[in-house]
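Here is my_file.cif, consisting of mmCIF, C-alpha atoms:
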data_query
loop_
_atom_site.label_atom_id
_atom_site.label_comp_id
_atom_site.auth_asym_id
_atom_site.auth_seq_id
_atom_site.Cartn_x
_atom_site.Cartn_y
_atom_site.Cartn_z
CA MET C 1 40.07 1.28 -25.46
CA SER C 2 38.94 4.43 -23.64
CA LYS C 3 36.64 6.79 -25.49
CA ASN C 4 37.86 10.28 -26.31
CA LYS C 5 35.37 11.39 -28.96
CA VAL C 6 32.88 14.19 -28.23
CA ILE C 7 29.96 15.07 -30.52
CA LEU C 8 29.14 18.78 -30.86
CA CYS C 9 25.81 19.50 -32.58
CA TYR C 10 24.74 22.78 -34.17
CA PRO C 11 21.03 22.44 -35.10
CA LEU C 12 19.11 24.26 -37.83
CA LEU C 13 18.31 27.89 -37.10
CA ASN C 14 15.27 28.14 -39.37
CA ARG C 15 12.50 25.81 -40.38
CA THR C 16 12.11 26.85 -44.02
CA LYS C 17 14.49 25.63 -46.71
CA ALA C 18 14.63 29.08 -48.32
CA GLU C 19 16.45 30.38 -45.25
CA ARG C 20 19.06 27.63 -45.35
CA SER C 21 20.78 28.50 -48.61
CA TYR C 22 23.80 30.05 -46.89
CA HIS C 23 25.30 29.84 -43.44
CA TRP C 24 27.90 31.44 -41.23
CA PHE C 25 30.27 29.14 -39.39
CA PRO C 26 28.90 27.33 -36.28
CA PHE C 27 30.60 29.87 -34.03
CA SER C 28 29.23 28.59 -30.71
CA VAL C 29 30.79 25.11 -30.97
CA LEU C 30 34.08 25.85 -32.73
CA PRO C 31 35.85 27.22 -29.61
CA LEU C 32 34.71 24.10 -27.71
CA ALA C 33 36.25 21.88 -30.37
CA GLN C 34 39.57 23.71 -30.05
CA SER C 35 39.54 23.38 -26.27
CA LEU C 36 38.75 19.66 -26.46
CA THR C 37 41.54 19.05 -28.97
CA ASP C 38 44.04 20.89 -26.77
CA ASN C 39 43.16 18.51 -23.94
CA GLY C 40 43.44 15.24 -25.85
CA TYR C 41 39.86 14.73 -27.03
CA GLU C 42 38.50 14.22 -30.54
CA PRO C 43 35.61 16.61 -31.28
CA VAL C 44 33.19 15.89 -34.11
CA ILE C 45 31.02 18.79 -35.26
CA ILE C 46 27.66 17.94 -36.82
CA ASP C 47 26.11 21.08 -38.29
CA GLY C 48 22.51 20.41 -39.27
CA ARG C 49 22.67 23.17 -41.87
CA VAL C 50 25.42 21.65 -44.02
CA THR C 51 25.61 17.96 -43.06
CA ASN C 52 23.82 15.90 -45.70
CA ASN C 53 22.18 13.53 -43.24
CA PRO C 54 22.69 14.63 -39.62
CA ALA C 55 20.81 11.62 -38.22
CA ASP C 56 23.10 9.16 -39.99
CA GLU C 57 26.18 11.09 -38.82
CA LEU C 58 24.92 11.01 -35.25
CA ARG C 59 24.32 7.27 -35.40
CA LYS C 60 27.79 6.81 -36.88
CA HIS C 61 29.54 8.42 -33.90
CA VAL C 62 27.19 8.06 -30.95
CA ASN C 63 28.48 4.73 -29.66
CA GLU C 64 32.10 5.93 -29.75
CA ALA C 65 31.55 9.19 -27.88
CA LEU C 66 31.82 10.23 -24.24
CA PHE C 67 28.84 12.54 -24.63
CA ALA C 68 26.89 14.57 -27.19
CA GLY C 69 26.62 18.33 -26.87
CA ILE C 70 23.86 20.43 -28.43
CA SER C 71 24.12 24.23 -28.75
CA ALA C 72 20.91 26.20 -29.24
CA MET C 73 19.40 29.64 -29.12
CA SER C 74 15.74 30.25 -28.27
CA GLY C 75 13.55 29.49 -31.28
CA HIS C 76 13.59 26.83 -33.97
CA GLN C 77 17.13 25.77 -33.10
CA ILE C 78 15.67 24.23 -29.94
CA SER C 79 13.14 22.21 -31.97
CA ASP C 80 15.79 20.86 -34.30
CA GLY C 81 18.09 20.26 -31.34
CA LEU C 82 15.39 18.15 -29.70
CA ALA C 83 15.08 16.17 -32.93
CA MET C 84 18.84 15.55 -32.83
CA GLY C 85 18.55 14.60 -29.17
CA GLY C 86 15.85 12.07 -30.03
CA VAL C 87 18.11 10.41 -32.60
CA ILE C 88 20.96 10.28 -30.08
CA ARG C 89 18.77 8.81 -27.32
CA ASP C 90 17.31 6.16 -29.63
CA ALA C 91 20.73 5.16 -30.93
CA ASN C 92 22.39 5.03 -27.51
CA PRO C 93 20.18 5.47 -24.43
CA ASP C 94 23.22 5.63 -22.14
CA ILE C 95 25.18 8.50 -23.67
CA PRO C 96 24.81 11.82 -21.78
CA ILE C 97 23.15 14.62 -23.78
CA ILE C 98 24.46 18.01 -22.73
CA TRP C 99 22.92 21.29 -23.85
CA GLY C 100 24.62 24.68 -24.04
CA GLY C 101 24.20 27.95 -25.91
CA TRP C 102 22.17 31.05 -25.16
CA HIS C 103 18.95 29.33 -24.13
CA ALA C 104 20.59 26.95 -21.70
CA THR C 105 22.67 29.83 -20.32
CA ILE C 106 19.61 31.92 -19.53
CA LEU C 107 17.28 29.10 -18.41
CA PRO C 108 19.57 26.29 -17.20
CA GLU C 109 17.16 24.77 -14.69
CA GLU C 110 14.19 24.82 -17.05
CA THR C 111 16.35 23.42 -19.85
CA VAL C 112 17.58 20.45 -17.83
CA SER C 113 14.03 19.48 -16.88
CA HIS C 114 13.46 18.14 -20.41
CA PRO C 115 13.92 14.35 -20.79
CA LEU C 116 16.33 14.86 -23.71
CA VAL C 117 18.64 17.01 -21.58
CA ASP C 118 20.92 15.40 -18.99
CA ILE C 119 23.06 18.45 -18.26
CA ALA C 120 22.62 22.15 -19.12
CA VAL C 121 25.73 24.31 -19.33
CA ALA C 122 25.36 28.03 -18.54
CA GLY C 123 27.87 30.47 -20.03
CA ARG C 124 30.82 30.00 -22.33
CA GLY C 125 31.85 26.37 -22.42
CA GLU C 126 35.55 26.21 -23.32
CA ASP C 127 36.47 25.18 -19.78
CA SER C 128 33.24 23.40 -18.88
CA VAL C 129 33.36 21.04 -21.87
CA VAL C 130 36.82 19.77 -20.90
CA GLU C 131 35.91 19.36 -17.23
CA ILE C 132 32.80 17.44 -18.25
CA ALA C 133 34.78 15.20 -20.59
CA ASP C 134 37.39 14.54 -17.89
CA ALA C 135 34.71 13.68 -15.33
CA ILE C 136 32.78 11.33 -17.64
CA ALA C 137 35.97 9.66 -18.87
CA SER C 138 37.12 8.96 -15.32
CA GLY C 139 33.67 8.07 -13.97
CA LYS C 140 33.61 11.01 -11.58
CA ASP C 141 30.63 13.06 -10.43
CA LEU C 142 29.93 16.28 -12.31
CA SER C 143 28.46 18.03 -9.28
CA GLY C 144 31.61 20.02 -8.55
CA ILE C 145 31.74 21.69 -11.97
CA ALA C 146 30.59 25.31 -11.99
CA GLY C 147 27.92 26.44 -14.45
CA LEU C 148 26.04 23.13 -14.68
CA ALA C 149 22.38 22.33 -14.07
CA SER C 150 21.37 18.72 -13.52
CA GLU C 151 18.39 16.73 -12.29
CA ARG C 152 18.63 13.93 -9.79
CA HIS C 153 15.90 12.13 -7.90
CA GLY C 154 13.30 14.61 -9.07
CA SER C 155 15.13 17.74 -7.93
CA THR C 156 17.12 20.23 -10.00
CA ARG C 157 20.53 21.46 -8.96
CA PHE C 158 22.40 24.39 -10.50
CA THR C 159 26.00 24.99 -9.45
CA GLY C 160 25.85 28.69 -10.32
CA TYR C 161 27.36 30.76 -13.09
CA ARG C 162 31.07 30.62 -13.74
CA ARG C 163 33.12 33.77 -13.58
CA PRO C 164 33.40 35.39 -17.04
CA MET C 165 36.41 33.93 -18.80
CA GLU C 166 38.86 35.15 -21.38
CA ILE C 167 37.61 34.10 -24.78
CA ARG C 168 39.80 31.55 -26.53
CA ASP C 169 38.94 31.18 -30.19
CA ASP C 170 41.29 30.98 -33.17
CA ALA C 171 39.49 31.37 -36.50
CA ARG C 172 42.38 29.80 -38.41
CA ARG C 173 41.72 26.51 -36.61
CA TYR C 174 38.14 26.28 -37.88
CA GLU C 175 39.31 24.32 -40.91
CA ASP C 176 40.44 21.53 -38.57
CA TYR C 177 36.79 20.81 -37.72
CA ILE C 178 34.64 21.96 -40.63
CA SER C 179 34.93 22.23 -44.39
CA ILE C 180 35.30 25.97 -44.98
CA GLU C 181 34.16 25.48 -48.58
CA SER C 182 30.79 24.18 -47.34
CA TYR C 183 30.06 27.63 -45.91
CA ILE C 184 31.10 29.75 -48.89
CA ASN C 185 28.26 31.45 -50.75
CA PRO C 186 29.49 31.76 -54.36
CA ASP C 187 27.17 34.73 -54.95
CA THR C 188 28.66 36.85 -52.16
CA MET C 189 31.98 35.18 -51.27
CA ALA C 190 31.41 36.59 -47.77
CA LEU C 191 33.35 35.61 -44.67
CA GLY C 192 31.78 35.85 -41.21
CA TYR C 193 34.34 37.01 -38.65
CA PHE C 194 34.47 38.33 -35.08
CA THR C 195 37.15 40.87 -34.17
CA GLY C 196 35.85 40.70 -30.60
CA HIS C 197 32.95 39.48 -28.46
CA GLY C 198 30.50 41.07 -26.07
CA CYS C 199 28.58 44.32 -25.76
CA VAL C 200 28.65 47.14 -23.21
CA PHE C 201 25.14 48.43 -24.01
CA LYS C 202 21.88 47.25 -22.45
CA CYS C 203 19.18 47.18 -25.10
CA GLY C 204 16.07 45.84 -23.38
CA PHE C 205 15.18 43.31 -26.09
CA CYS C 206 18.67 41.73 -26.21
CA SER C 207 20.10 39.01 -23.98
CA ARG C 208 23.71 39.69 -24.98
CA HIS C 209 24.45 41.37 -21.66
CA PHE C 210 22.92 38.57 -19.57
CA VAL C 211 26.30 37.23 -18.46
CA THR C 212 28.61 40.21 -18.92
CA ASN C 213 28.65 43.79 -20.20
CA LYS C 214 32.27 43.56 -21.25
CA TYR C 215 33.61 43.80 -24.78
CA SER C 216 36.66 41.61 -25.40
CA PRO C 217 38.50 42.59 -28.60
CA TYR C 218 41.23 40.63 -30.33
CA PRO C 219 44.56 42.35 -31.13
CA VAL C 220 44.38 44.29 -34.38
CA ASP C 221 47.45 42.46 -35.73
CA LYS C 222 45.60 39.15 -35.31
CA VAL C 223 42.54 40.53 -37.09
CA ILE C 224 44.58 41.71 -40.08
CA ASP C 225 46.54 38.45 -40.26
CA ASP C 226 43.33 36.40 -40.12
CA LEU C 227 41.64 38.44 -42.85
CA LYS C 228 44.67 38.11 -45.10
CA TYR C 229 44.81 34.36 -44.42
CA PHE C 230 41.17 33.74 -45.35
CA THR C 231 41.36 36.04 -48.36
CA ASP C 232 44.51 34.47 -49.76
CA LYS C 233 43.58 30.85 -49.07
CA TYR C 234 39.85 30.79 -49.79
CA GLY C 235 39.26 33.80 -52.03
CA PHE C 236 36.74 35.64 -49.86
CA LYS C 237 35.72 39.00 -51.32
CA ARG C 238 33.67 40.39 -48.45
CA VAL C 239 33.73 40.18 -44.66
CA HIS C 240 30.83 40.55 -42.27
CA PHE C 241 32.22 41.72 -38.94
CA HIS C 242 29.87 40.04 -36.47
CA ASP C 243 30.89 42.12 -33.44
CA ASP C 244 27.84 43.59 -31.75
CA ASN C 245 29.44 46.99 -32.30
CA LEU C 246 32.69 47.14 -34.25
CA PHE C 247 32.77 50.90 -33.68
CA LEU C 248 32.84 50.71 -29.88
CA ASN C 249 36.47 51.89 -29.89
CA ARG C 250 36.92 54.63 -32.49
CA GLU C 251 40.72 54.38 -32.58
CA ARG C 252 40.62 50.61 -32.95
CA VAL C 253 38.26 50.56 -35.94
CA LEU C 254 40.47 53.14 -37.64
CA GLU C 255 43.49 50.98 -36.88
CA ILE C 256 41.77 47.97 -38.46
CA ALA C 257 40.87 50.04 -41.52
CA ASN C 258 44.41 51.34 -41.83
CA GLY C 259 45.78 47.78 -41.45
CA MET C 260 43.50 46.53 -44.23
CA VAL C 261 44.66 49.30 -46.56
CA SER C 262 48.37 48.99 -45.80
CA SER C 263 48.25 45.17 -46.07
CA GLY C 264 46.59 45.32 -49.47
CA ILE C 265 43.54 43.34 -48.29
CA GLU C 266 40.83 43.83 -50.90
CA LEU C 267 37.64 43.11 -49.00
CA SER C 268 34.42 45.05 -48.87
CA TRP C 269 33.03 44.92 -45.34
CA TRP C 270 29.79 45.04 -43.35
CA ALA C 271 29.53 45.94 -39.66
CA ASN C 272 27.16 46.97 -36.88
CA VAL C 273 27.22 50.57 -35.68
CA ARG C 274 24.99 52.55 -33.35
CA ALA C 275 22.88 55.41 -34.71
CA ASP C 276 24.83 58.09 -32.83
CA VAL C 277 28.42 57.10 -33.67
CA LEU C 278 29.34 58.10 -37.23
CA PRO C 279 28.97 61.89 -36.75
CA ARG C 280 31.93 61.67 -34.33
CA PHE C 281 34.28 60.73 -37.18
CA SER C 282 36.08 63.35 -39.24
CA ARG C 283 35.92 63.45 -43.04
CA ASP C 284 39.46 62.11 -43.28
CA GLU C 285 38.58 59.22 -40.96
CA LEU C 286 35.43 58.37 -42.92
CA ASN C 287 37.44 58.47 -46.13
CA LEU C 288 39.87 55.96 -44.62
CA LEU C 289 37.02 53.64 -43.65
CA VAL C 290 35.59 53.81 -47.17
CA ARG C 291 39.03 53.25 -48.70
CA SER C 292 39.45 50.14 -46.54
CA GLY C 293 36.28 48.64 -48.04
CA MET C 294 33.42 49.86 -45.82
CA HIS C 295 30.37 48.86 -47.85
CA THR C 296 27.37 48.35 -45.55
CA LEU C 297 26.61 49.53 -42.03
CA PHE C 298 23.83 47.88 -40.06
CA ILE C 299 22.12 50.29 -37.65
CA GLY C 300 19.52 49.29 -35.07
CA THR C 301 17.38 52.41 -35.49
CA GLU C 302 14.42 50.51 -33.97
CA SER C 303 11.79 53.32 -33.90
CA ALA C 304 11.10 56.99 -34.57
CA SER C 305 9.26 57.15 -31.25
CA GLN C 306 11.45 58.41 -28.40
CA GLU C 307 9.04 56.79 -25.96
CA LEU C 308 9.66 53.36 -27.47
CA LEU C 309 13.41 53.94 -27.68
CA ASP C 310 13.40 54.72 -23.97
CA ILE C 311 11.33 51.63 -23.22
CA MET C 312 13.91 49.61 -25.17
CA THR C 313 16.72 51.38 -23.23
CA LYS C 314 18.50 52.03 -26.53
CA GLY C 315 20.36 55.06 -25.20
CA ILE C 316 19.89 57.02 -28.43
CA ARG C 317 17.71 59.92 -29.59
CA HIS C 318 15.11 59.40 -32.29
CA ASP C 319 16.80 62.04 -34.49
CA ASP C 320 20.34 60.63 -34.17
CA ILE C 321 19.80 58.75 -37.40
CA PHE C 322 19.23 62.01 -39.28
CA GLU C 323 22.63 63.30 -38.18
CA THR C 324 24.20 60.03 -39.30
CA ASN C 325 22.39 60.22 -42.61
CA ASP C 326 23.62 63.78 -43.18
CA VAL C 327 27.20 62.63 -42.59
CA MET C 328 26.97 59.54 -44.79
CA LYS C 329 24.71 60.56 -47.69
CA ASP C 330 27.65 61.70 -49.82
CA TYR C 331 29.38 58.32 -49.51
CA ASN C 332 28.52 55.23 -51.52
CA VAL C 333 27.90 53.24 -48.34
CA ILE C 334 24.66 51.37 -47.67
CA LEU C 335 22.98 52.21 -44.38
CA GLN C 336 20.90 49.18 -43.54
CA LEU C 337 18.40 50.36 -40.93
CA SER C 338 16.52 47.90 -38.75
CA TYR C 339 13.19 48.86 -37.18
CA MET C 340 11.40 46.87 -34.51
CA PHE C 341 7.64 46.72 -34.14
CA GLY C 342 5.37 45.31 -31.46
CA VAL C 343 7.54 46.54 -28.57
CA PRO C 344 5.54 47.14 -25.36
CA GLY C 345 3.71 50.44 -25.87
CA ASP C 346 3.75 50.32 -29.68
CA ASP C 347 0.64 51.46 -31.54
CA ILE C 348 -0.37 52.66 -34.98
CA ASN C 349 0.59 56.27 -34.31
CA LYS C 350 4.13 55.29 -33.31
CA MET C 351 4.34 53.06 -36.36
CA ARG C 352 3.30 56.04 -38.51
CA LEU C 353 6.11 58.12 -36.99
CA THR C 354 8.57 55.46 -38.14
CA VAL C 355 7.06 55.39 -41.63
CA GLU C 356 7.52 59.13 -41.94
CA GLN C 357 11.08 58.89 -40.67
CA VAL C 358 11.93 56.25 -43.25
CA LYS C 359 10.37 58.30 -46.05
CA LYS C 360 12.47 61.34 -45.16
CA LEU C 361 15.68 59.33 -44.81
CA LYS C 362 15.18 57.64 -48.18
CA ARG C 363 14.43 60.96 -49.87
CA ASP C 364 17.79 62.28 -48.68
CA ASN C 365 19.89 59.18 -49.32
CA GLU C 366 19.40 56.57 -52.05
CA ASN C 367 21.67 54.19 -50.11
CA ILE C 368 19.18 53.79 -47.27
CA LYS C 369 17.92 50.22 -47.01
CA VAL C 370 15.32 49.15 -44.45
CA GLN C 371 14.55 45.86 -42.79
CA THR C 372 11.81 45.23 -40.26
CA CYS C 373 11.53 42.84 -37.36
CA PHE C 374 8.87 42.14 -34.79
CA TYR C 375 9.47 42.00 -31.09
CA GLN C 376 9.73 38.63 -29.35
CA PRO C 377 9.99 38.52 -25.54
CA TYR C 378 13.16 36.47 -25.17
CA PRO C 379 14.22 35.25 -21.73
CA GLY C 380 17.09 36.99 -20.00
CA THR C 381 16.15 40.41 -21.35
CA SER C 382 15.11 43.40 -19.26
CA LEU C 383 12.01 43.86 -21.43
CA TYR C 384 10.74 40.34 -20.80
CA ASP C 385 8.76 41.05 -17.63
CA LYS C 386 7.36 44.27 -19.08
CA ALA C 387 6.22 42.35 -22.16
CA LEU C 388 4.36 39.90 -19.92
CA GLU C 389 2.65 42.84 -18.21
CA TRP C 390 1.52 44.09 -21.62
CA GLY C 391 -0.08 40.74 -22.43
CA TYR C 392 2.57 38.65 -24.15
CA PRO C 393 2.17 35.01 -23.03
CA ARG C 394 4.68 33.49 -20.64
CA LEU C 395 6.46 30.56 -22.27
CA GLU C 396 7.78 27.57 -20.35
CA GLY C 397 9.32 24.38 -21.64
CA MET C 398 11.65 23.58 -24.49
CA GLU C 399 8.89 22.69 -26.96
CA LYS C 400 7.16 26.04 -26.54
CA TRP C 401 10.38 28.01 -26.81
CA GLY C 402 11.17 26.04 -29.96
CA ARG C 403 7.89 27.07 -31.58
CA ILE C 404 8.14 30.85 -31.17
CA GLU C 405 7.72 32.72 -34.41
CA PRO C 406 10.80 34.19 -36.08
CA GLN C 407 11.14 37.95 -35.82
CA SER C 408 10.30 38.28 -39.50
CA ILE C 409 6.63 37.47 -38.85
CA LEU C 410 4.14 40.08 -37.60
CA GLY C 411 2.03 38.29 -35.03
CA LYS C 412 -0.72 39.58 -32.76
CA ILE C 413 0.22 42.60 -30.66
CA PRO C 414 -1.62 41.68 -27.45
CA TRP C 415 -2.77 45.15 -26.33
CA LEU C 416 -4.28 46.12 -29.68
CA SER C 417 -7.92 45.27 -30.39
CA GLU C 418 -8.77 43.23 -33.48
CA LYS C 419 -9.81 46.41 -35.28
CA GLU C 420 -6.62 48.22 -34.28
CA MET C 421 -4.50 45.22 -35.25
CA ALA C 422 -6.15 44.98 -38.67
CA LEU C 423 -5.45 48.66 -39.36
CA TYR C 424 -1.89 48.31 -38.05
CA LYS C 425 -1.20 45.38 -40.38
CA LYS C 426 -2.82 47.11 -43.35
CA GLU C 427 -0.74 50.27 -43.00
CA PHE C 428 2.44 48.36 -42.19
CA ASN C 429 2.12 46.14 -45.23
CA SER C 430 1.14 48.98 -47.56
CA PHE C 431 4.46 50.69 -46.84
CA PHE C 432 7.03 48.08 -45.84
CA LYS C 433 5.92 45.26 -48.10
#
Please, can you express the file's structure as structure tokens?
Amino acid sequence: MSKNKVILCYPLLNRTKAERSYHWFPFSVLPLAQSLTDNGYEPVIIDGRVTNNPADELRKHVNEALFAGISAMSGHQISDGLAMGGVIRDANPDIPIIWGGWHATILPEETVSHPLVDIAVAGRGEDSVVEIADAIASGKDLSGIAGLASERHGSTRFTGYRRPMEIRDDARRYEDYISIESYINPDTMALGYFTGHGCVFKCGFCSRHFVTNKYSPYPVDKVIDDLKYFTDKYGFKRVHFHDDNLFLNRERVLEIANGMVSSGIELSWWANVRADVLPRFSRDELNLLVRSGMHTLFIGTESASQELLDIMTKGIRHDDIFETNDVMKDYNVILQLSYMFGVPGDDINKMRLTVEQVKKLKRDNENIKVQTCFYQPYPGTSLYDKALEWGYPRLEGMEKWGRIEPQSILGKIPWLSEKEMALYKKEFNSFFK
């Protein structure tokens, strides 16, 4: 009997149990599962966050599968992915282990050099995963498949990036591969949902634009139908729109809001928006957004220092957030502002500027919420080389990338002396903690 099963692994994102209490769907592997099904294969998703014993599940399927795929971003997901890879290799030394996801996309040749990686897939994998399955099933060479890195006889070969493809992903099919109930947080009843993928902006700390700067939205009718489906069938009360910027097209976000109102969808919603966007909306338009359920807006404010904003290539002014706050302070909508520290060029005086900005914003609007994060020089970002120049260490190898600190931890800022760093931490903690 020929094999047609394919294992798709989604490793843990965080190393502490406290951060594992609730999870969004494993978005990176679900489109692959749909593509495999449409071409006659049987995908099995093993999500390390919700599967009771991932190692046992891997051992259960590994001898019946054509290959095992592992999707990972830079950080702890690599470490847990390597642990999964070790289980797979021990259980069946002959099965190919194929890595994809953001890290493999950005560093395919470095990724494939690890002994627990046989193939690294760069870019979206809906087409690649089927071509790989076809080749392995028929005993053919994979060398003609675009977007693959492999090692043979001590040398690495990368076939180059595929042309950007049209995204094929149907959220209503997720229930064919995962238990939706396993991902429902009873405290929030929140659904994670993309109305589109991609980003046209070029923030220097973000790798989103590594492959393409295009935003690919789904039709509004599909979005409304999907939201109604998940609300009616599973009882979701809130939706987190995961688009990098839902407000990229002003008319479209108003159309979505109007569709939610006219369809009677009772969902409060959360979305990303840039700091300079909301003042462009009229009062009537903002009222429509609020009526549709707009509850929380996440804004990457990043810094009150224009110098740092320019280094981050944010494309906003440091006082844009004040204009947004003036527009929104009369609405019962949470503005969740994110500030980033430790960016190349940061120092205590720039941090103090941000503290003063936050104080003023919170005085004017009780719905201002603040979260902080600390810069990490991720590969594939325009700030990466500059960060190395400022003293951040160059990382190489899967193990090292898997051990980088999460952005919630304030580590050593390389260009600050011990005395400066101690004062920076003291003042940061006295305000933000």
Quick one: everything within 7 Å of range 340-345 of chain C, counting all atoms listed in the file, minus sequence neighbours fewer than 3 positions away in the same chain. Send it as a VMD selection string.
chain C and resid 302 to 303 308 372 to 375 387 390 413
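The shell of residues at most 12 Å from Asp319 in chain C, with only C-alpha atoms counted and near chain neighbours (fewer than 4 positions) removed, consists of C:Ala275, C:Asp276, C:Thr301, C:Glu302, C:Ser303, C:Ala304, C:Ser305, C:Gln306, C:Leu309, C:Glu323, C:Thr324, C:Asn325, C:Asp326, C:Leu353, C:Thr354, C:Gln357, C:Val358, C:Lys360, C:Leu361.
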Skip range 34-38 of chain C itself and residues of its chain fewer than 6 positions away, then list as a VMD selection string all residues within 12 Å of it, counting only C-alpha atoms.
chain C and resid 4 to 8 27 to 28 44 to 45 66 124 to 134 167 to 178
Could you dump the residues just selected with C-alpha atoms as an mmCIF file, in the frame of the given file?
data_model
loop_
_atom_site.group_PDB
_atom_site.id
_atom_site.type_symbol
_atom_site.label_atom_id
_atom_site.label_comp_id
_atom_site.auth_asym_id
_atom_site.auth_seq_id
_atom_site.Cartn_x
_atom_site.Cartn_y
_atom_site.Cartn_z
ATOM 1 C CA ASN C 4 37.860 10.280 -26.310
ATOM 2 C CA LYS C 5 35.370 11.390 -28.960
ATOM 3 C CA VAL C 6 32.880 14.190 -28.230
ATOM 4 C CA ILE C 7 29.960 15.070 -30.520
ATOM 5 C CA LEU C 8 29.140 18.780 -30.860
ATOM 6 C CA PHE C 27 30.600 29.870 -34.030
ATOM 7 C CA SER C 28 29.230 28.590 -30.710
ATOM 8 C CA VAL C 44 33.190 15.890 -34.110
ATOM 9 C CA ILE C 45 31.020 18.790 -35.260
ATOM 10 C CA LEU C 66 31.820 10.230 -24.240
ATOM 11 C CA ARG C 124 30.820 30.000 -22.330
ATOM 12 C CA GLY C 125 31.850 26.370 -22.420
ATOM 13 C CA GLU C 126 35.550 26.210 -23.320
ATOM 14 C CA ASP C 127 36.470 25.180 -19.780
ATOM 15 C CA SER C 128 33.240 23.400 -18.880
ATOM 16 C CA VAL C 129 33.360 21.040 -21.870
ATOM 17 C CA VAL C 130 36.820 19.770 -20.900
ATOM 18 C CA GLU C 131 35.910 19.360 -17.230
ATOM 19 C CA ILE C 132 32.800 17.440 -18.250
ATOM 20 C CA ALA C 133 34.780 15.200 -20.590
ATOM 21 C CA ASP C 134 37.390 14.540 -17.890
ATOM 22 C CA ILE C 167 37.610 34.100 -24.780
ATOM 23 C CA ARG C 168 39.800 31.550 -26.530
ATOM 24 C CA ASP C 169 38.940 31.180 -30.190
ATOM 25 C CA ASP C 170 41.290 30.980 -33.170
ATOM 26 C CA ALA C 171 39.490 31.370 -36.500
ATOM 27 C CA ARG C 172 42.380 29.800 -38.410
ATOM 28 C CA ARG C 173 41.720 26.510 -36.610
ATOM 29 C CA TYR C 174 38.140 26.280 -37.880
ATOM 30 C CA GLU C 175 39.310 24.320 -40.910
ATOM 31 C CA ASP C 176 40.440 21.530 -38.570
ATOM 32 C CA TYR C 177 36.790 20.810 -37.720
ATOM 33 C CA ILE C 178 34.640 21.960 -40.630
#
Near range 79-85 of chain C, within 8 Å and counting all atoms listed in the file, which residues show up once chain neighbours fewer than 6 positions away are dropped, as a VMD selection string?
chain C and resid 9 to 13 54 to 55 58 70 to 72 97 116 to 117 398 to 399 402 to 403
Picked residues, the PyMOL selection byres ((chain C and resi 279) around 12), expected as an mmCIF file with C-alpha atoms, in the coordinates of the input:
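Wrote out_11.cif, looks like this:
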data_model
loop_
_atom_site.group_PDB
_atom_site.id
_atom_site.type_symbol
_atom_site.label_atom_id
_atom_site.label_comp_id
_atom_site.auth_asym_id
_atom_site.auth_seq_id
_atom_site.Cartn_x
_atom_site.Cartn_y
_atom_site.Cartn_z
ATOM 1 C CA ARG C 250 36.920 54.630 -32.490
ATOM 2 C CA VAL C 273 27.220 50.570 -35.680
ATOM 3 C CA ARG C 274 24.990 52.550 -33.350
ATOM 4 C CA ALA C 275 22.880 55.410 -34.710
ATOM 5 C CA ASP C 276 24.830 58.090 -32.830
ATOM 6 C CA VAL C 277 28.420 57.100 -33.670
ATOM 7 C CA LEU C 278 29.340 58.100 -37.230
ATOM 8 C CA ARG C 280 31.930 61.670 -34.330
ATOM 9 C CA PHE C 281 34.280 60.730 -37.180
ATOM 10 C CA SER C 282 36.080 63.350 -39.240
ATOM 11 C CA ARG C 283 35.920 63.450 -43.040
ATOM 12 C CA GLU C 285 38.580 59.220 -40.960
ATOM 13 C CA LEU C 286 35.430 58.370 -42.920
ATOM 14 C CA ASP C 320 20.340 60.630 -34.170
ATOM 15 C CA ILE C 321 19.800 58.750 -37.400
ATOM 16 C CA PHE C 322 19.230 62.010 -39.280
ATOM 17 C CA GLU C 323 22.630 63.300 -38.180
ATOM 18 C CA THR C 324 24.200 60.030 -39.300
ATOM 19 C CA ASN C 325 22.390 60.220 -42.610
ATOM 20 C CA ASP C 326 23.620 63.780 -43.180
ATOM 21 C CA VAL C 327 27.200 62.630 -42.590
ATOM 22 C CA MET C 328 26.970 59.540 -44.790
ATOM 23 C CA LYS C 329 24.710 60.560 -47.690
#
Show which residues sit within 12 Å of Glu396 in chain C, as a PyMOL selection string. Count only C-alpha atoms, and ignore same-chain residues fewer than 4 positions away. chain C and resi 74+103+107+109-111+113-114+378-379+400-404
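Each of C:Arg238, C:Lys314, C:Lys425, C:Arg152 was checked against Lys202 in chain C using only C-alpha atoms; the smallest atom-to-atom distance is that of C:Lys314.
Nearest-residue note for Gly235 in chain C: choosing from C:Leu416, C:Ile180, C:Leu248, C:Ala65, the minimum distance belongs to C:Ile180, counting only C-alpha atoms.
When the PyMOL selection byres ((chain C and resi 214-225) around 6) is evaluated against the file, it yields Thr195, Gly196, His197, Gly198, Cys199, Val200, Thr212, Asn213, Asp226, Leu227 and Lys228 of chain C.
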Mind writing the picked residues with C-alpha atoms as an mmCIF file, keeping the file's coordinate frame?
data_model
loop_
_atom_site.group_PDB
_atom_site.id
_atom_site.type_symbol
_atom_site.label_atom_id
_atom_site.label_comp_id
_atom_site.auth_asym_id
_atom_site.auth_seq_id
_atom_site.Cartn_x
_atom_site.Cartn_y
_atom_site.Cartn_z
ATOM 1 C CA THR C 195 37.150 40.870 -34.170
ATOM 2 C CA GLY C 196 35.850 40.700 -30.600
ATOM 3 C CA HIS C 197 32.950 39.480 -28.460
ATOM 4 C CA GLY C 198 30.500 41.070 -26.070
ATOM 5 C CA CYS C 199 28.580 44.320 -25.760
ATOM 6 C CA VAL C 200 28.650 47.140 -23.210
ATOM 7 C CA THR C 212 28.610 40.210 -18.920
ATOM 8 C CA ASN C 213 28.650 43.790 -20.200
ATOM 9 C CA ASP C 226 43.330 36.400 -40.120
ATOM 10 C CA LEU C 227 41.640 38.440 -42.850
ATOM 11 C CA LYS C 228 44.670 38.110 -45.100
#
